[in-house]
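Text of work_4.json (JSON, C-alpha atoms) as supplied:
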[["chain", "number", "residue", "atom", "x", "y", "z"],
["A", 1, "MET", "CA", 93.75, 111.87, 83.15],
["A", 2, "GLU", "CA", 95.14, 111.55, 86.66],
["A", 3, "GLU", "CA", 93.75, 114.04, 89.17],
["A", 4, "TYR", "CA", 95.38, 115.08, 92.43],
["A", 5, "LYS", "CA", 94.12, 116.21, 95.80],
["A", 6, "VAL", "CA", 96.48, 118.73, 97.39],
["A", 7, "VAL", "CA", 96.86, 119.63, 101.07],
["A", 8, "ILE", "CA", 96.71, 123.43, 101.25],
["A", 9, "LYS", "CA", 97.05, 125.13, 104.65],
["A", 10, "GLY", "CA", 96.42, 121.84, 106.37],
["A", 11, "LYS", "CA", 93.25, 120.95, 104.42],
["A", 12, "PRO", "CA", 92.89, 118.64, 101.41],
["A", 13, "GLU", "CA", 91.51, 120.41, 98.34],
["A", 14, "GLY", "CA", 90.71, 119.29, 94.83],
["A", 15, "PRO", "CA", 90.94, 117.12, 92.90],
["A", 16, "PHE", "CA", 92.98, 119.11, 90.42],
["A", 17, "SER", "CA", 93.96, 118.07, 86.92],
["A", 18, "PHE", "CA", 97.60, 117.94, 85.88],
["A", 19, "GLU", "CA", 97.10, 121.17, 83.92],
["A", 20, "GLN", "CA", 95.60, 122.93, 86.97],
["A", 21, "LEU", "CA", 98.57, 121.88, 89.07],
["A", 22, "LYS", "CA", 100.87, 123.84, 86.76],
["A", 23, "GLY", "CA", 99.38, 127.07, 88.09],
["A", 24, "MET", "CA", 99.83, 126.09, 91.73],
["A", 25, "LYS", "CA", 102.84, 126.56, 93.99],
["A", 26, "ILE", "CA", 103.70, 122.96, 94.71],
["A", 27, "LYS", "CA", 106.78, 122.47, 96.88],
["A", 28, "SER", "CA", 108.84, 119.39, 97.69],
["A", 29, "GLY", "CA", 107.01, 118.77, 100.97],
["A", 30, "THR", "CA", 103.48, 119.44, 99.68],
["A", 31, "PHE", "CA", 101.21, 116.47, 100.34],
["A", 32, "VAL", "CA", 99.31, 115.17, 97.32],
["A", 33, "LYS", "CA", 97.17, 112.14, 96.58],
["A", 34, "THR", "CA", 95.44, 110.47, 93.63],
["A", 35, "GLU", "CA", 92.50, 108.06, 93.73],
["A", 36, "ASP", "CA", 94.88, 105.14, 93.19],
["A", 37, "MET", "CA", 97.07, 106.05, 96.18],
["A", 38, "ASP", "CA", 96.28, 104.64, 99.63],
["A", 39, "ASP", "CA", 97.74, 107.63, 101.42],
["A", 40, "TYR", "CA", 99.08, 111.13, 100.81],
["A", 41, "LYS", "CA", 102.67, 111.44, 99.62],
["A", 42, "GLU", "CA", 105.03, 114.37, 99.46],
["A", 43, "ALA", "CA", 105.48, 115.83, 95.99],
["A", 44, "HIS", "CA", 109.13, 114.76, 95.78],
["A", 45, "GLU", "CA", 107.99, 111.13, 96.04],
["A", 46, "ILE", "CA", 106.07, 111.35, 92.75],
["A", 47, "PRO", "CA", 108.30, 111.42, 89.63],
["A", 48, "GLU", "CA", 105.86, 113.27, 87.35],
["A", 49, "LEU", "CA", 105.48, 116.10, 89.86],
["A", 50, "CYS", "CA", 109.25, 116.32, 90.32],
["A", 51, "GLU", "CA", 109.54, 116.77, 86.56],
["A", 52, "LEU", "CA", 106.68, 119.29, 86.38],
["A", 53, "PHE", "CA", 107.93, 121.56, 89.17],
["A", 54, "GLY", "CA", 111.65, 120.92, 88.90],
["A", 55, "ILE", "CA", 111.71, 119.33, 92.32],
["A", 56, "LYS", "CA", 114.76, 117.30, 93.24],
["A", 57, "ALA", "CA", 113.70, 113.86, 94.36],
["A", 58, "GLN", "CA", 114.75, 113.11, 97.92],
["A", 59, "ILE", "CA", 115.60, 109.76, 99.44],
["A", 60, "ARG", "CA", 114.10, 109.62, 102.90],
["A", 61, "LYS", "CA", 114.95, 106.72, 105.13],
["A", 62, "PRO", "CA", 111.95, 104.71, 106.33],
["A", 63, "GLN", "CA", 110.45, 105.68, 109.68],
["A", 64, "TYR", "CA", 107.93, 102.92, 110.36],
["A", 65, "PHE", "CA", 109.28, 99.42, 110.87],
["A", 66, "ALA", "CA", 107.23, 96.25, 111.06],
["A", 67, "SER", "CA", 107.16, 94.65, 114.50],
["A", 68, "LEU", "CA", 108.12, 91.00, 114.75],
["A", 69, "ASP", "CA", 104.63, 89.86, 115.75],
["A", 70, "VAL", "CA", 103.13, 91.37, 112.60],
["A", 71, "ARG", "CA", 105.91, 89.82, 110.52],
["A", 72, "LEU", "CA", 105.22, 86.44, 112.13],
["A", 73, "LEU", "CA", 101.54, 86.71, 111.25],
["A", 74, "ALA", "CA", 102.47, 87.45, 107.63],
["A", 75, "ILE", "CA", 104.68, 84.33, 107.59],
["A", 76, "ILE", "CA", 101.84, 82.20, 108.98],
["A", 77, "ILE", "CA", 99.53, 83.48, 106.23],
["A", 78, "ASP", "CA", 102.13, 82.63, 103.58],
["A", 79, "TYR", "CA", 102.67, 79.12, 104.93],
["A", 80, "PHE", "CA", 98.92, 78.58, 105.02],
["A", 81, "ILE", "CA", 98.68, 79.60, 101.34],
["A", 82, "VAL", "CA", 101.59, 77.34, 100.32],
["A", 83, "PHE", "CA", 100.18, 74.44, 102.37],
["A", 84, "ALA", "CA", 96.73, 74.89, 100.81],
["A", 85, "ILE", "CA", 98.26, 74.71, 97.32],
["A", 86, "TYR", "CA", 100.20, 71.61, 98.35],
["A", 87, "CYS", "CA", 97.01, 69.95, 99.63],
["A", 88, "VAL", "CA", 95.29, 70.56, 96.30],
["A", 89, "LEU", "CA", 98.23, 69.12, 94.35],
["A", 90, "ALA", "CA", 98.56, 66.14, 96.73],
["A", 91, "THR", "CA", 94.86, 65.39, 96.38],
["A", 92, "ILE", "CA", 95.17, 65.34, 92.61],
["A", 93, "ALA", "CA", 98.27, 63.11, 92.84],
["A", 94, "VAL", "CA", 96.64, 60.45, 95.06],
["A", 95, "LEU", "CA", 93.78, 60.08, 92.58],
["A", 96, "PHE", "CA", 96.23, 58.24, 90.36],
["A", 97, "VAL", "CA", 97.40, 55.87, 93.14],
["A", 98, "GLY", "CA", 95.45, 52.66, 93.68],
["A", 99, "GLU", "CA", 96.56, 51.29, 97.06],
["A", 100, "ARG", "CA", 95.51, 53.09, 100.27],
["A", 101, "ASP", "CA", 98.96, 52.83, 101.89],
["A", 102, "ASP", "CA", 100.57, 54.18, 98.76],
["A", 103, "ARG", "CA", 98.19, 57.13, 98.80],
["A", 104, "ILE", "CA", 99.29, 58.05, 102.32],
["A", 105, "ILE", "CA", 102.96, 57.80, 101.33],
["A", 106, "VAL", "CA", 102.40, 60.01, 98.27],
["A", 107, "ALA", "CA", 100.41, 62.56, 100.29],
["A", 108, "LEU", "CA", 103.05, 62.85, 103.03],
["A", 109, "SER", "CA", 106.22, 62.50, 100.98],
["A", 110, "GLY", "CA", 106.06, 66.02, 99.61],
["A", 111, "LEU", "CA", 105.68, 67.84, 102.94],
["A", 112, "GLY", "CA", 109.40, 68.56, 103.01],
["A", 113, "ILE", "CA", 109.01, 70.59, 99.82],
["A", 114, "ILE", "CA", 106.77, 73.17, 101.56],
["A", 115, "PRO", "CA", 109.60, 75.18, 103.25],
["A", 116, "ILE", "CA", 111.58, 75.15, 99.99],
["A", 117, "ALA", "CA", 108.55, 76.30, 98.00],
["A", 118, "LYS", "CA", 107.91, 79.03, 100.58],
["A", 119, "MET", "CA", 111.52, 80.26, 100.28],
["A", 120, "ILE", "CA", 111.43, 80.35, 96.47],
["A", 121, "TYR", "CA", 108.09, 82.18, 96.59],
["A", 122, "SER", "CA", 109.51, 84.72, 99.07],
["A", 123, "ILE", "CA", 112.61, 85.33, 96.95],
["A", 124, "ILE", "CA", 110.54, 86.08, 93.86],
["A", 125, "ALA", "CA", 107.82, 88.07, 95.64],
["A", 126, "GLU", "CA", 110.15, 90.30, 97.67],
["A", 127, "ALA", "CA", 112.08, 91.28, 94.53],
["A", 128, "SER", "CA", 108.85, 92.05, 92.65],
["A", 129, "ASP", "CA", 107.00, 95.36, 92.32],
["A", 130, "ARG", "CA", 104.81, 94.38, 95.29],
["A", 131, "GLN", "CA", 107.97, 94.10, 97.47],
["A", 132, "GLY", "CA", 106.65, 91.23, 99.50],
["A", 133, "THR", "CA", 104.64, 88.05, 99.68],
["A", 134, "TYR", "CA", 100.86, 87.99, 99.79],
["A", 135, "GLY", "CA", 100.99, 87.65, 103.56],
["A", 136, "LYS", "CA", 103.10, 90.80, 103.84],
["A", 137, "PHE", "CA", 100.78, 92.58, 101.41],
["A", 138, "LEU", "CA", 97.76, 91.75, 103.58],
["A", 139, "MET", "CA", 99.57, 93.08, 106.66],
["A", 140, "GLY", "CA", 100.66, 96.27, 104.87],
["A", 141, "LEU", "CA", 104.36, 95.35, 104.86],
["A", 142, "LYS", "CA", 107.11, 95.77, 102.29],
["A", 143, "VAL", "CA", 110.71, 94.60, 102.06],
["A", 144, "THR", "CA", 113.13, 97.40, 101.16],
["A", 145, "ASP", "CA", 116.80, 98.21, 101.30],
["A", 146, "GLU", "CA", 118.06, 100.45, 104.11],
["A", 147, "PHE", "CA", 116.98, 103.57, 102.20],
["A", 148, "GLY", "CA", 113.42, 102.39, 101.64],
["A", 149, "LEU", "CA", 114.00, 101.44, 98.01],
["A", 150, "PRO", "CA", 112.97, 98.12, 96.40],
["A", 151, "ILE", "CA", 115.47, 95.29, 96.63],
["A", 152, "ASN", "CA", 116.80, 93.36, 93.66],
["A", 153, "LEU", "CA", 116.72, 89.61, 93.12],
["A", 154, "GLY", "CA", 120.26, 89.17, 94.45],
["A", 155, "GLN", "CA", 119.42, 90.87, 97.75],
["A", 156, "SER", "CA", 116.26, 88.82, 98.01],
["A", 157, "VAL", "CA", 118.22, 85.59, 97.53],
["A", 158, "VAL", "CA", 120.76, 86.60, 100.21],
["A", 159, "ARG", "CA", 117.98, 87.67, 102.60],
["A", 160, "ASN", "CA", 116.01, 84.45, 102.33],
["A", 161, "LEU", "CA", 118.99, 82.08, 102.36],
["A", 162, "SER", "CA", 120.29, 83.90, 105.45],
["A", 163, "LYS", "CA", 117.13, 82.85, 107.27],
["A", 164, "LEU", "CA", 118.76, 79.42, 107.51],
["A", 165, "ILE", "CA", 121.18, 80.99, 110.01],
["A", 166, "CYS", "CA", 118.22, 82.09, 112.13],
["A", 167, "VAL", "CA", 116.85, 78.54, 112.03],
["A", 168, "ALA", "CA", 120.27, 77.02, 112.80],
["A", 169, "THR", "CA", 120.60, 79.25, 115.89],
["A", 170, "LEU", "CA", 117.22, 77.99, 117.16],
["A", 171, "GLY", "CA", 115.52, 81.29, 116.48],
["A", 172, "LEU", "CA", 118.13, 83.56, 118.08],
["A", 173, "GLY", "CA", 118.67, 85.24, 114.73],
["A", 174, "TYR", "CA", 115.03, 86.24, 114.70],
["A", 175, "ALA", "CA", 115.06, 87.25, 118.37],
["A", 176, "PHE", "CA", 117.85, 89.72, 117.53],
["A", 177, "GLY", "CA", 115.14, 91.91, 116.01],
["A", 178, "PHE", "CA", 113.61, 92.53, 119.45],
["A", 179, "PHE", "CA", 116.73, 94.46, 120.45],
["A", 180, "ASP", "CA", 117.16, 96.41, 117.22],
["A", 181, "LYS", "CA", 115.51, 99.81, 116.85],
["A", 182, "ARG", "CA", 114.67, 99.05, 113.22],
["A", 183, "GLN", "CA", 113.46, 95.52, 114.01],
["A", 184, "GLN", "CA", 116.18, 94.00, 111.82],
["A", 185, "CYS", "CA", 116.78, 90.29, 112.31],
["A", 186, "ILE", "CA", 120.11, 88.69, 111.47],
["A", 187, "HIS", "CA", 119.06, 87.91, 107.88],
["A", 188, "ASP", "CA", 118.02, 91.56, 107.42],
["A", 189, "LYS", "CA", 121.40, 92.73, 108.70],
["A", 190, "ILE", "CA", 123.26, 90.39, 106.35],
["A", 191, "ALA", "CA", 121.23, 91.41, 103.28],
["A", 192, "GLY", "CA", 120.95, 95.11, 104.22],
["A", 193, "THR", "CA", 117.15, 95.01, 104.16],
["A", 194, "LEU", "CA", 114.25, 96.37, 106.20],
["A", 195, "VAL", "CA", 110.65, 95.32, 106.60],
["A", 196, "ILE", "CA", 108.58, 98.50, 106.73],
["A", 197, "LYS", "CA", 104.90, 99.14, 107.22],
["A", 198, "ASP", "CA", 102.56, 101.70, 105.70],
["A", 199, "ARG", "CA", 102.87, 105.26, 106.89],
["A", 200, "LEU", "CA", 100.83, 106.05, 109.99],
["A", 201, "ILE", "CA", 98.60, 109.12, 109.49]]

Is it possible to express this structure as structure tokens?
Amino acid sequence: MEEYKVVIKGKPEGPFSFEQLKGMKIKSGTFVKTEDMDDYKEAHEIPELCELFGIKAQIRKPQYFASLDVRLLAIIIDYFIVFAIYCVLATIAVLFVGERDDRIIVALSGLGIIPIAKMIYSIIAEASDRQGTYGKFLMGLKVTDEFGLPINLGQSVVRNLSKLICVATLGLGYAFGFFDKRQQCIHDKIAGTLVIKDRLI
């Protein structure tokens, strides 16, 4: 059974079982945490506690937005992963090619696929339960809508295809994020998305 730690008068206490929680005065803003959670959350953020205590779930807009340098590092990690997979596949492919010159052609001919593969991967990953690619996961980032909720596949497609505008404007679409208080680049504005980072406590 899941057990919860509860912040009472500013101090974490517990863990308490679900049955023990029934006898406690848990409010919407009470901070709670299980072993599986990375950080404390308010009770209204946890569906089973909302149901137990009759708390109305609240939608709170995100407060912590990922800076562009951290986002860039996540992109570099993702490209490194995609490139590493490509290298493995290219190595396997050249084993079936006899001539040396042909091997070089085979190895280099697929490089143009890497950005396309990265985009497809991003579309799928950002619409998944993880809400981001592996690079974003490592950096503690998630892609959400403007209310902090997960995005659907359609939004993810629009977001990632809109990055082509940023590329076509020689990076100005990305630079737009430097002047936005929520660090939204042009493709985020178009898709109505945010890149948020884990709560700072």

Return the single residue from A:Glu45, A:Glu3, A:Asp102, A:Glu146 that is closest to A:Ala191, with distances computed using only C-alpha atoms.
A:Glu146

Which residue out of A:Lys33, A:Lys22, A:Arg100, A:Lys163 has the minimum interatomic distance to A:Tyr4 when all atoms listed in the file are used?
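Among the listed residues, the smallest separation from A:Tyr4 belongs to A:Lys33.
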
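Restricting the calculation to all atoms listed in the file, the smallest distance between A:Leu111 and any of A:Ala125, A:Ala90, A:Ala66, A:Leu49 is found for A:Ala90.
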
For A:Gly173, find every residue with an atom within 7 Å (counting only C-alpha atoms), except residues of its own chain fewer than 4 positions away, and show them as a PyMOL selection string.
chain A and resi 165-166+169+185-186

Just give me the gap between atom CA of A:Glu42 and atom CA of A:Thr133 in Å, one decimal is fine.
26.3 Å

Two-atom distance - atom CA of A:Gln131, atom CA of A:Tyr40 (Å):
19.5 Å
